[in-house]
Protein chains: 2
Amino acid sequence: MIALVGCGTVGGGTALLLTRDIKFLKEKTGLELGLKYVVDINFDNARAIGIPEELYETDLNKVLNDPEVTIVIELVGGLTFAKDVVSKSLSAGKNVITANKALLATFGEELFGLARKNSVSIGFEASCAGGIPIVKAITEGMAVNRIDALYGIVNGTCNYILTQMIDQGMSYNKALKGAQAQGLAEADPTLDVNGMDSAHKITIMSSLCFGYNCELDRVSVTGIENIDIYDVKLGTEMGYTIKLLAIGETYGDKVSLRVQPSFISNQHPLAKISGPFNGVSLYGHAVGHTMYYGRGAGDLPTASAIGADIISVASGAQKILFDNYKYWPDLTQKPSYMDQSEVESAYYLRLNVEDHIGVTATVTKILAENSISISGISQKEARFDEKEQKSIPLVILTHKTAKGNIDAAIKKLKKEQMISKKIVSIPVIAQKSENIK
Amino acid sequence: MIALVGCGTVGGGTALLLTRDIKFLKEKTGLELGLKYVVDINFDNARAIGIPEELYETDLNKVLNDPEVTIVIELVGGLTFAKDVVSKSLSAGKNVITANKALLATFGEELFGLARKNSVSIGFEASCAGGIPIVKAITEGMAVNRIDALYGIVNGTCNYILTQMIDQGMSYNKALKGAQAQGLAEADPTLDVNGMDSAHKITIMSSLCFGYNCELDRVSVTGIENIDIYDVKLGTEMGYTIKLLAIGETYGDKVSLRVQPSFISNQHPLAKISGPFNGVSLYGHAVGHTMYYGRGAGDLPTASAIGADIISVASGAQKILFDNYKYWPDLTQKPSYMDQSEVESAYYLRLNVEDHIGVTATVTKILAENSISISGISQKEARFDEKEQKSIPLVILTHKTAKGNIDAAIKKLKKEQMISKKIVSIPVIAQKSENIK
């Protein structure tokens, strides 16, 4: 029997599948999936969607002590009570299913180890990229591949905001307010827009892809809060779409993990993943490029991923995978990391410069001194809304160069009197080439 | 131990994974995957890629009688010897993995039943959409969903040819020759370009999605052989991309299966699936729209899908799925089919008409009499290459209407003296709306 802990949006959707759809699920999957408890302290949402009252329970211990319960679904969120629920459930010999990316990115090694010690398993399909069955794709669909890169749009809130900026020409603040009004952003959207939610997901997925116990605090994270609509528009003019990309990549035996607003070509398969949708590209040595697309959030879409886990756990397939697959974070070593300054990329740079003779020469000289080769340069009209009245925007596209070179050049540029202190730099990410061999 | 029957392109790729990569596979999946036999009558390819001679075997019976062999991988292709290999292997109590879409689309019910009778399973991830783990996505990732539609670009040869026509303005014949030169089309490309290969795949996938034993001979199939570059170009001008779509869709308790060249909007997520790549969109009642993208063919990409099956079968997970899941074709009823004439779609029509007063009135009157509402009409300049010198092209976009109406109108139009007998009609497929509930 199943106990569900936390009956908010996703919990409600999951409870709905396990009650309203229970006959259909039996007919399709051949499994009896009895929901025995819905544990929460407030049942307003459960009541609103019609979950039967007899399932309501406020005492977690009753669940933990009930030998009939073999699966606990943790949908509490956060790192405190949620960790308690998961640890206690595993210790009580119950399989756990969770959508909690922060928890697994932070305590993955510990919790997977605890599951193994107690001969149970953890299902976490819903923790990464919502309804997309990406965990199954990585662990099962790509099983025979050496995966060397993972490019994802894995935060629907950010993607919705950026899509509004691109399509409607809205400022970041206006697009954020719109997302909040639509229920696509939390009242406190910090974890989404600052990139941390994406960092949680790239940590979990990279561990599964690369066979290393990847660490959350080694992800280089930049959010979307400072994206200027002016750069979004200039990017669009040049054939680029701005996306918050979560990237996990191996360079030989080193790993790079980063979350960063990035320009990608409009022809890039990830460019068309718009609004609240998520997309993840995986690159395997046998299969080449595969991509997975779907809703990154929402009650029923996320419940769909939880449901896939329920089926896997209840059938025993998840346990087999958990026992056989060797890329779970409790079984792997921590990786060596690529120095972030060594990660190479093309760049979009925007500087505000005084409209003087020699300023372009100064800029290009500093770039050259830092081994940065220019692929395009364009001096724009002064912006109406620019506070620094005398300055004009200078946009530079570079060839591929190390991030360290860009950082050093920006530091140098900021020292020049004719150049404003605010310098925008956005990586321009080419479509990764396949390396099938 | 594993026996591989048929060491051509895909067989070679699979043998390579099971020999060259065997240490990596053990480390990653925890499984011993010993390849014991490579069965063929010719070992030139096996030798060329370095598969050890001691595995070569010409006698299938030796494999069937070897109790150590628990998995037979059939990569022979076709419906005769391949069926023999699969039937005999299943009857000998061996699990079968196959990439043979024609075989499963034609004899699925029989072969799945035979597997069940012998308490073994069939893995066929590689039979649909090459390296994309779409069978796993349908049966496991979407397990709790009632899937009501499946839109796929599932033939890489056709997609490559159409992409060349779109991007390079090539004629169909020239693009086909290019595809053959690139090794992306067979010397005899009939099964690809006439849509039958796509029909095989949509039959297999629809059975898994809808829970009916869908029948190959109920797929309405149109190939790409008659696509005129002129229509491709006009479509591009109007913001449409031409794709060979394989569609499985439910309408209440009826099913429609069809393969047809279709115009889709450039904004449609399937529009960006170019060249030899495949893509499949699934629509579930909980998850909404999910899409899967990857290489549809090739030695190692296809071997990647076969490898996923090997892992599933060897671990026992495939057997669990095979025993539990109820949507295998031997367990389900044949569906009722939607009458093809009732299937609704918008249409692109191109007629050649004489440049006379009243001709447009005649055309629009006939359309109106057949309940076809026009959303756009455009009279083009006469084509230089048009043989009928006096005629000019008339392009009409219709609102959604039943195929029966279009067919009736075309029949009527052809009777008009001022209208050429060759009338092009191409469905214009809107992005299906999600029906999350």
# chains A, B, ... in the order shown; residues from 1 in each chain; ligands from 1
>>> calpha_fit_and_write(fixed="chain A", moving="chain B", output="short mmCIF file (atom, residue, chain, number, x, y, z; two decimals) with C-alpha atoms, in the first residue's frame")
data_model
loop_
_atom_site.label_atom_id
_atom_site.label_comp_id
_atom_site.auth_asym_id
_atom_site.auth_seq_id
_atom_site.Cartn_x
_atom_site.Cartn_y
_atom_site.Cartn_z
CA MET B 1 -0.03 0.00 -0.03
CA ILE B 2 0.99 3.60 -0.63
CA ALA B 3 1.25 6.59 1.70
CA LEU B 4 1.48 10.07 0.29
CA VAL B 5 3.04 12.75 2.49
CA GLY B 6 2.24 16.33 1.49
CA CYS B 7 -0.96 17.06 -0.39
CA GLY B 8 -0.25 20.36 -2.12
CA THR B 9 -0.33 20.88 -5.88
CA VAL B 10 1.71 17.83 -6.92
CA GLY B 11 0.49 15.73 -4.00
CA GLY B 12 -3.07 16.50 -4.99
CA GLY B 13 -2.43 15.48 -8.60
CA THR B 14 -0.84 12.25 -7.45
CA ALA B 15 -3.67 11.46 -5.05
CA LEU B 16 -6.12 12.10 -7.89
CA LEU B 17 -4.37 9.57 -10.16
CA LEU B 18 -4.33 7.02 -7.34
CA THR B 19 -8.03 7.38 -6.58
CA ARG B 20 -10.00 8.64 -9.58
CA ASP B 21 -7.90 6.66 -12.11
CA ILE B 22 -7.27 3.56 -10.02
CA LYS B 23 -9.39 1.20 -12.15
CA PHE B 24 -7.72 2.36 -15.36
CA LEU B 25 -4.27 1.95 -13.78
CA LYS B 26 -5.06 -1.62 -12.77
CA GLU B 27 -6.30 -2.45 -16.25
CA LYS B 28 -3.26 -0.93 -17.91
CA THR B 29 -0.40 -1.86 -15.62
CA GLY B 30 -1.77 -5.00 -14.02
CA LEU B 31 -0.85 -3.66 -10.59
CA GLU B 32 -2.93 -3.04 -7.47
CA LEU B 33 -1.93 0.43 -6.33
CA GLY B 34 -3.83 1.07 -3.14
CA LEU B 35 -3.49 4.52 -1.61
CA LYS B 36 -3.86 4.05 2.13
CA TYR B 37 -2.83 7.40 3.62
CA VAL B 38 -2.67 11.03 2.62
CA VAL B 39 -0.54 12.64 5.33
CA ASP B 40 -0.67 16.37 5.89
CA ILE B 41 -1.60 18.91 8.51
CA ASN B 42 -4.09 20.66 6.28
CA PHE B 43 -6.53 18.88 3.96
CA ASP B 44 -8.12 21.84 2.20
CA ASN B 45 -6.58 20.93 -1.14
CA ALA B 46 -7.28 17.21 -0.70
CA ARG B 47 -10.89 18.03 0.03
CA ALA B 48 -11.16 20.49 -2.87
CA ILE B 49 -10.18 17.84 -5.39
CA GLY B 50 -12.30 15.15 -3.81
CA ILE B 51 -9.76 12.85 -2.17
CA PRO B 52 -11.74 10.59 0.23
CA GLU B 53 -11.66 11.73 3.86
CA GLU B 54 -10.89 8.27 5.20
CA LEU B 55 -7.36 8.54 3.77
CA TYR B 56 -6.47 11.67 5.70
CA GLU B 57 -3.85 11.18 8.40
CA THR B 58 -1.86 13.68 10.44
CA ASP B 59 0.43 11.24 12.22
CA LEU B 60 3.46 10.21 10.17
CA ASN B 61 4.42 7.60 12.76
CA LYS B 62 1.25 5.68 12.08
CA VAL B 63 2.37 5.37 8.47
CA LEU B 64 5.90 4.39 9.40
CA ASN B 65 4.63 1.70 11.75
CA ASP B 66 2.10 0.28 9.32
CA PRO B 67 3.64 -2.85 7.77
CA GLU B 68 1.12 -2.70 4.90
CA VAL B 69 2.73 0.49 3.62
CA THR B 70 5.57 -0.35 1.24
CA ILE B 71 5.83 2.95 -0.61
CA VAL B 72 6.04 6.45 0.88
CA ILE B 73 5.73 9.36 -1.53
CA GLU B 74 7.42 12.46 -0.11
CA LEU B 75 5.98 15.66 -1.59
CA VAL B 76 6.66 18.00 1.30
CA GLY B 77 9.59 19.83 -0.25
CA GLY B 78 12.49 21.52 1.50
CA LEU B 79 15.39 20.03 3.40
CA THR B 80 14.18 19.64 6.99
CA PHE B 81 10.89 17.80 7.53
CA ALA B 82 11.21 16.24 4.07
CA LYS B 83 14.56 14.73 5.00
CA ASP B 84 13.03 13.35 8.14
CA VAL B 85 10.18 11.75 6.19
CA VAL B 86 12.55 10.19 3.66
CA SER B 87 15.13 8.98 6.19
CA LYS B 88 12.57 7.52 8.56
CA SER B 89 10.67 5.84 5.73
CA LEU B 90 13.81 4.24 4.32
CA SER B 91 14.88 3.16 7.79
CA ALA B 92 11.46 1.63 8.30
CA GLY B 93 12.07 -0.47 5.18
CA LYS B 94 9.77 1.46 2.90
CA ASN B 95 10.52 2.44 -0.67
CA VAL B 96 10.53 6.18 -1.19
CA ILE B 97 9.36 8.22 -4.16
CA THR B 98 10.15 11.90 -4.12
CA ALA B 99 10.05 14.97 -6.34
CA ASN B 100 12.45 16.80 -4.03
CA LYS B 101 15.41 17.92 -6.14
CA ALA B 102 16.95 20.06 -3.39
CA LEU B 103 16.96 17.09 -1.04
CA LEU B 104 18.57 14.65 -3.47
CA ALA B 105 21.08 17.19 -4.79
CA THR B 106 22.15 17.93 -1.22
CA PHE B 107 21.86 14.57 0.53
CA GLY B 108 21.80 12.13 -2.40
CA GLU B 109 24.77 10.04 -1.30
CA GLU B 110 23.44 9.67 2.24
CA LEU B 111 19.85 8.86 1.24
CA PHE B 112 20.74 6.43 -1.54
CA GLY B 113 23.10 4.72 0.88
CA LEU B 114 20.37 4.49 3.48
CA ALA B 115 18.00 2.99 0.93
CA ARG B 116 20.61 0.41 -0.03
CA LYS B 117 21.28 -0.45 3.61
CA ASN B 118 17.58 -1.12 4.08
CA SER B 119 17.19 -3.04 0.79
CA VAL B 120 14.67 -0.60 -0.60
CA SER B 121 14.85 1.89 -3.47
CA ILE B 122 14.27 5.56 -4.20
CA GLY B 123 12.25 6.73 -7.20
CA PHE B 124 12.83 10.34 -8.20
CA GLU B 125 11.65 10.69 -11.81
CA ALA B 126 9.66 13.79 -10.83
CA SER B 127 12.67 15.55 -9.33
CA CYS B 128 14.15 16.47 -12.72
CA ALA B 129 12.28 18.10 -15.59
CA GLY B 130 8.75 17.49 -14.29
CA GLY B 131 6.71 15.18 -16.48
CA ILE B 132 9.56 14.24 -18.83
CA PRO B 133 10.69 10.70 -18.05
CA ILE B 134 14.31 11.84 -18.13
CA VAL B 135 15.60 9.69 -15.25
CA LYS B 136 14.37 6.61 -17.07
CA ALA B 137 15.87 7.89 -20.31
CA ILE B 138 19.27 8.32 -18.67
CA THR B 139 19.34 5.15 -16.60
CA GLU B 140 17.46 2.79 -18.91
CA GLY B 141 17.04 4.22 -22.42
CA MET B 142 20.68 5.29 -22.64
CA ALA B 143 21.97 2.42 -20.51
CA VAL B 144 24.74 1.30 -22.88
CA ASN B 145 25.94 4.82 -23.62
CA ARG B 146 28.88 6.67 -22.22
CA ILE B 147 27.11 10.02 -21.84
CA ASP B 148 29.45 12.96 -22.14
CA ALA B 149 27.11 15.91 -22.06
CA LEU B 150 23.72 17.00 -20.86
CA TYR B 151 22.16 20.33 -21.88
CA GLY B 152 18.89 21.16 -20.26
CA ILE B 153 16.20 23.78 -19.96
CA VAL B 154 14.93 22.47 -16.66
CA ASN B 155 13.17 25.35 -14.97
CA GLY B 156 9.74 26.14 -16.39
CA THR B 157 9.42 29.42 -14.50
CA CYS B 158 12.61 30.84 -16.00
CA ASN B 159 11.75 29.53 -19.42
CA TYR B 160 8.31 31.11 -19.28
CA ILE B 161 9.76 34.46 -18.20
CA LEU B 162 12.43 34.41 -20.92
CA THR B 163 9.87 33.38 -23.55
CA GLN B 164 7.67 36.32 -22.56
CA MET B 165 10.69 38.63 -22.82
CA ILE B 166 11.50 37.27 -26.28
CA ASP B 167 7.99 37.09 -27.71
CA GLN B 168 6.35 40.09 -26.05
CA GLY B 169 9.36 42.33 -25.53
CA MET B 170 8.58 42.51 -21.81
CA SER B 171 11.10 43.54 -19.21
CA TYR B 172 12.26 40.89 -16.74
CA ASN B 173 10.21 42.41 -13.92
CA LYS B 174 7.04 42.60 -15.95
CA ALA B 175 7.46 39.02 -17.22
CA LEU B 176 8.08 37.79 -13.67
CA LYS B 177 4.90 39.49 -12.43
CA GLY B 178 2.99 37.88 -15.31
CA ALA B 179 4.40 34.47 -14.40
CA GLN B 180 3.31 34.98 -10.79
CA ALA B 181 -0.18 36.02 -11.89
CA GLN B 182 -0.38 32.83 -14.01
CA GLY B 183 0.70 30.64 -11.09
CA LEU B 184 3.89 29.79 -12.99
CA ALA B 185 6.14 31.49 -10.46
CA GLU B 186 6.02 31.35 -6.67
CA ALA B 187 5.36 34.46 -4.60
CA ASP B 188 9.04 34.10 -3.65
CA PRO B 189 10.59 33.02 -6.93
CA THR B 190 14.18 33.21 -5.72
CA LEU B 191 15.16 29.55 -6.07
CA ASP B 192 13.81 29.45 -9.61
CA VAL B 193 15.14 32.70 -11.04
CA ASN B 194 18.53 32.57 -9.33
CA GLY B 195 19.26 29.26 -11.03
CA MET B 196 19.49 27.12 -7.88
CA ASP B 197 16.56 24.92 -8.86
CA SER B 198 18.31 24.18 -12.15
CA ALA B 199 21.53 23.54 -10.24
CA HIS B 200 19.77 20.90 -8.12
CA LYS B 201 18.54 19.16 -11.23
CA ILE B 202 21.83 19.26 -13.12
CA THR B 203 23.58 17.83 -10.06
CA ILE B 204 21.21 14.86 -9.88
CA MET B 205 21.16 14.18 -13.63
CA SER B 206 24.91 14.58 -14.08
CA SER B 207 25.57 12.00 -11.39
CA LEU B 208 23.37 9.53 -13.24
CA CYS B 209 24.87 10.38 -16.63
CA PHE B 210 28.57 10.46 -15.84
CA GLY B 211 28.91 7.97 -13.02
CA TYR B 212 30.32 10.47 -10.54
CA ASN B 213 28.85 11.67 -7.27
CA CYS B 214 28.46 15.25 -8.49
CA GLU B 215 28.27 17.97 -5.86
CA LEU B 216 25.78 20.80 -5.76
CA ASP B 217 28.27 23.31 -4.46
CA ARG B 218 30.50 22.75 -7.49
CA VAL B 219 27.87 24.02 -9.92
CA SER B 220 28.66 27.47 -11.26
CA VAL B 221 25.30 29.23 -11.10
CA THR B 222 24.05 32.41 -12.73
CA GLY B 223 20.35 33.22 -12.68
CA ILE B 224 18.17 35.28 -14.99
CA GLU B 225 17.43 38.18 -12.62
CA ASN B 226 19.79 40.56 -14.37
CA ILE B 227 18.85 39.80 -17.95
CA ASP B 228 18.20 43.08 -19.74
CA ILE B 229 15.46 43.08 -22.38
CA TYR B 230 17.84 45.11 -24.55
CA ASP B 231 20.23 42.15 -24.82
CA VAL B 232 17.35 39.76 -25.47
CA LYS B 233 16.29 41.95 -28.39
CA LEU B 234 19.79 42.32 -29.80
CA GLY B 235 20.18 38.54 -29.54
CA THR B 236 16.93 38.01 -31.43
CA GLU B 237 18.15 40.34 -34.19
CA MET B 238 21.26 38.20 -34.53
CA GLY B 239 19.33 34.92 -34.71
CA TYR B 240 19.83 33.87 -31.09
CA THR B 241 17.36 32.79 -28.45
CA ILE B 242 18.16 33.32 -24.79
CA LYS B 243 17.67 30.32 -22.51
CA LEU B 244 18.70 29.44 -18.99
CA LEU B 245 20.83 26.39 -19.74
CA ALA B 246 21.84 23.81 -17.17
CA ILE B 247 24.93 22.09 -18.49
CA GLY B 248 26.78 19.01 -17.33
CA GLU B 249 29.73 18.07 -19.47
CA THR B 250 32.80 15.89 -19.25
CA TYR B 251 36.21 16.94 -20.53
CA GLY B 252 38.30 13.81 -20.43
CA ASP B 253 38.08 12.75 -16.78
CA LYS B 254 36.93 16.13 -15.55
CA VAL B 255 33.40 17.37 -15.12
CA SER B 256 31.96 20.84 -15.59
CA LEU B 257 28.60 21.75 -14.08
CA ARG B 258 27.04 25.11 -14.78
CA VAL B 259 23.76 26.98 -14.96
CA GLN B 260 23.87 30.12 -17.05
CA PRO B 261 21.71 32.34 -19.24
CA SER B 262 22.97 31.53 -22.74
CA PHE B 263 22.36 32.54 -26.29
CA ILE B 264 21.67 29.60 -28.57
CA SER B 265 21.05 29.69 -32.28
CA ASN B 266 17.41 29.69 -33.37
CA GLN B 267 18.27 26.50 -35.26
CA HIS B 268 19.32 24.72 -32.06
CA PRO B 269 16.76 22.06 -31.10
CA LEU B 270 16.51 23.57 -27.61
CA ALA B 271 15.60 27.00 -29.03
CA LYS B 272 11.99 25.95 -29.71
CA ILE B 273 11.35 24.82 -26.15
CA SER B 274 9.16 27.67 -25.06
CA GLY B 275 6.99 28.82 -22.19
CA PRO B 276 6.71 26.50 -19.21
CA PHE B 277 8.10 23.52 -21.11
CA ASN B 278 11.40 21.82 -20.30
CA GLY B 279 13.82 20.05 -22.61
CA VAL B 280 16.91 17.97 -22.03
CA SER B 281 19.54 16.99 -24.59
CA LEU B 282 21.75 14.00 -23.88
CA TYR B 283 24.82 13.06 -25.90
CA GLY B 284 25.83 9.40 -25.89
CA HIS B 285 28.78 7.71 -27.55
CA ALA B 286 26.51 5.22 -29.33
CA VAL B 287 23.20 7.00 -29.85
CA GLY B 288 24.52 10.52 -30.45
CA HIS B 289 22.10 13.32 -29.64
CA THR B 290 18.72 12.55 -28.10
CA MET B 291 16.34 15.15 -26.71
CA TYR B 292 13.35 14.95 -24.37
CA TYR B 293 10.60 17.52 -24.12
CA GLY B 294 7.60 18.09 -21.87
CA ARG B 295 6.02 20.10 -19.08
CA GLY B 296 8.44 20.93 -16.29
CA ALA B 297 5.85 21.46 -13.60
CA GLY B 298 2.17 21.34 -12.76
CA ASP B 299 0.01 19.00 -10.69
CA LEU B 300 -0.83 16.23 -13.15
CA PRO B 301 2.30 16.46 -15.36
CA THR B 302 4.50 16.01 -12.28
CA ALA B 303 2.15 13.35 -10.95
CA SER B 304 2.68 11.52 -14.24
CA ALA B 305 6.38 11.17 -13.39
CA ILE B 306 5.60 10.13 -9.84
CA GLY B 307 3.16 7.61 -11.27
CA ALA B 308 5.89 6.14 -13.48
CA ASP B 309 7.96 5.64 -10.33
CA ILE B 310 5.05 4.09 -8.46
CA ILE B 311 4.65 1.53 -11.25
CA SER B 312 8.39 0.81 -11.29
CA VAL B 313 8.63 0.44 -7.55
CA ALA B 314 5.43 -1.56 -7.17
CA SER B 315 6.42 -3.95 -9.97
CA GLY B 316 9.90 -4.52 -8.60
CA ALA B 317 11.63 -3.09 -11.68
CA GLN B 318 12.96 -0.11 -9.76
CA LYS B 319 14.63 -2.38 -7.22
CA ILE B 320 16.37 -4.30 -10.00
CA LEU B 321 17.62 -1.05 -11.50
CA PHE B 322 18.64 0.23 -8.10
CA ASP B 323 20.61 -2.95 -7.41
CA ASN B 324 22.25 -3.28 -10.83
CA TYR B 325 22.98 0.20 -12.09
CA LYS B 326 26.25 1.49 -10.68
CA TYR B 327 25.83 5.23 -11.26
CA TRP B 328 23.84 6.05 -8.13
CA PRO B 329 25.60 8.71 -6.04
CA ASP B 330 26.23 6.39 -3.08
CA LEU B 331 28.26 4.05 -5.29
CA THR B 332 30.43 6.54 -7.14
CA GLN B 333 33.40 8.75 -6.46
CA LYS B 334 33.32 12.53 -6.41
CA PRO B 335 34.61 13.84 -9.75
CA SER B 336 37.53 16.08 -10.53
CA TYR B 337 36.12 19.34 -11.78
CA MET B 338 37.13 21.36 -14.74
CA ASP B 339 38.32 24.76 -13.60
CA GLN B 340 35.44 27.08 -14.53
CA SER B 341 37.91 29.56 -15.99
CA GLU B 342 39.01 26.92 -18.52
CA VAL B 343 35.54 26.23 -19.88
CA GLU B 344 35.42 27.48 -23.46
CA SER B 345 32.59 29.18 -25.23
CA ALA B 346 31.87 31.92 -27.70
CA TYR B 347 30.61 35.09 -26.01
CA TYR B 348 28.29 38.00 -26.58
CA LEU B 349 29.67 41.13 -24.92
CA ARG B 350 27.90 44.45 -24.58
CA LEU B 351 29.77 47.49 -23.36
CA ASN B 352 28.67 51.07 -23.04
CA VAL B 353 31.41 53.27 -24.31
CA GLU B 354 31.87 56.99 -24.77
CA ASP B 355 31.47 58.05 -28.36
CA HIS B 356 35.12 59.03 -28.81
CA ILE B 357 37.79 58.39 -31.38
CA GLY B 358 39.92 55.44 -30.37
CA VAL B 359 37.50 53.70 -28.04
CA THR B 360 36.94 50.73 -30.34
CA ALA B 361 40.68 50.40 -30.79
CA THR B 362 41.12 50.33 -27.00
CA VAL B 363 38.44 47.66 -26.59
CA THR B 364 39.74 45.41 -29.34
CA LYS B 365 43.31 45.78 -28.10
CA ILE B 366 42.33 44.61 -24.60
CA LEU B 367 40.44 41.66 -26.06
CA ALA B 368 43.41 40.69 -28.23
CA GLU B 369 45.76 40.94 -25.25
CA ASN B 370 43.54 38.39 -23.50
CA SER B 371 43.59 35.96 -26.46
CA ILE B 372 40.02 36.77 -27.45
CA SER B 373 39.31 36.70 -31.16
CA ILE B 374 36.39 38.77 -32.43
CA SER B 375 33.85 37.25 -34.82
CA GLY B 376 31.61 40.30 -35.05
CA ILE B 377 31.44 43.85 -33.76
CA SER B 378 28.63 46.33 -34.01
CA GLN B 379 28.23 49.85 -32.69
CA LYS B 380 24.60 50.59 -31.91
CA GLU B 381 22.60 53.80 -31.73
CA ALA B 382 22.52 55.32 -28.26
CA ARG B 383 19.55 53.96 -26.32
CA PHE B 384 16.73 56.29 -25.40
CA ASP B 385 16.49 54.77 -21.96
CA GLU B 386 20.22 54.85 -21.28
CA LYS B 387 21.02 56.88 -18.23
CA GLU B 388 24.58 57.49 -19.25
CA GLN B 389 23.61 59.93 -21.96
CA LYS B 390 26.94 60.21 -23.65
CA SER B 391 27.56 56.51 -24.03
CA ILE B 392 26.72 54.21 -26.90
CA PRO B 393 26.37 50.43 -26.87
CA LEU B 394 29.14 48.38 -28.46
CA VAL B 395 28.26 44.74 -29.10
CA ILE B 396 30.97 42.18 -29.71
CA LEU B 397 30.68 38.52 -30.61
CA THR B 398 33.78 36.50 -29.87
CA HIS B 399 35.10 33.22 -31.17
CA LYS B 400 35.39 30.39 -28.68
CA THR B 401 37.60 31.34 -25.78
CA ALA B 402 38.15 30.34 -22.17
CA LYS B 403 35.94 31.95 -19.55
CA GLY B 404 39.10 33.04 -17.75
CA ASN B 405 40.06 35.17 -20.75
CA ILE B 406 36.67 36.84 -20.80
CA ASP B 407 36.77 37.54 -17.08
CA ALA B 408 40.29 38.99 -17.31
CA ALA B 409 39.36 41.16 -20.28
CA ILE B 410 36.23 42.47 -18.55
CA LYS B 411 38.28 43.37 -15.48
CA LYS B 412 40.69 45.29 -17.70
CA LEU B 413 37.91 46.95 -19.71
CA LYS B 414 36.24 48.22 -16.55
CA LYS B 415 39.38 50.14 -15.69
CA GLU B 416 39.14 52.20 -18.85
CA GLN B 417 37.59 55.59 -18.26
CA MET B 418 35.71 55.63 -21.56
CA ILE B 419 33.97 52.32 -20.79
CA SER B 420 31.04 51.95 -18.42
CA LYS B 421 31.39 49.60 -15.46
CA LYS B 422 28.37 47.58 -16.50
CA ILE B 423 29.56 45.04 -19.04
CA VAL B 424 27.19 42.30 -20.13
CA SER B 425 28.68 38.93 -21.07
CA ILE B 426 26.52 36.02 -22.19
CA PRO B 427 27.94 32.72 -23.48
CA VAL B 428 26.86 31.82 -27.02
CA ILE B 429 26.39 28.05 -27.00
CA ALA B 430 26.79 26.22 -30.29
CA GLN B 431 24.96 22.98 -30.84
CA LYS B 432 27.24 20.31 -29.45
CA SER B 433 28.51 18.01 -32.13
CA GLU B 434 27.81 14.35 -31.76
CA ASN B 435 30.71 12.08 -31.15
CA ILE B 436 29.36 8.71 -32.21
CA LYS B 437 32.03 6.05 -32.09
#
>>> select_by_dssp(residues="stretch 107-329 of chain B", states="alpha helix (DSSP H)", output="ChimeraX atom specification")
/B:107-117,134-136,156-168,172-181,190-193,196-210,229-237,299-315,317-324
>>> select_by_dssp(residues="stretch 179-422 of chain A", states="strand (DSSP E or B)", output="PyMOL selection string")
chain A and resi 220-221+240-251+254-265+277-284+288-295+336-337+344-354+374-379+391-398+401-402+419
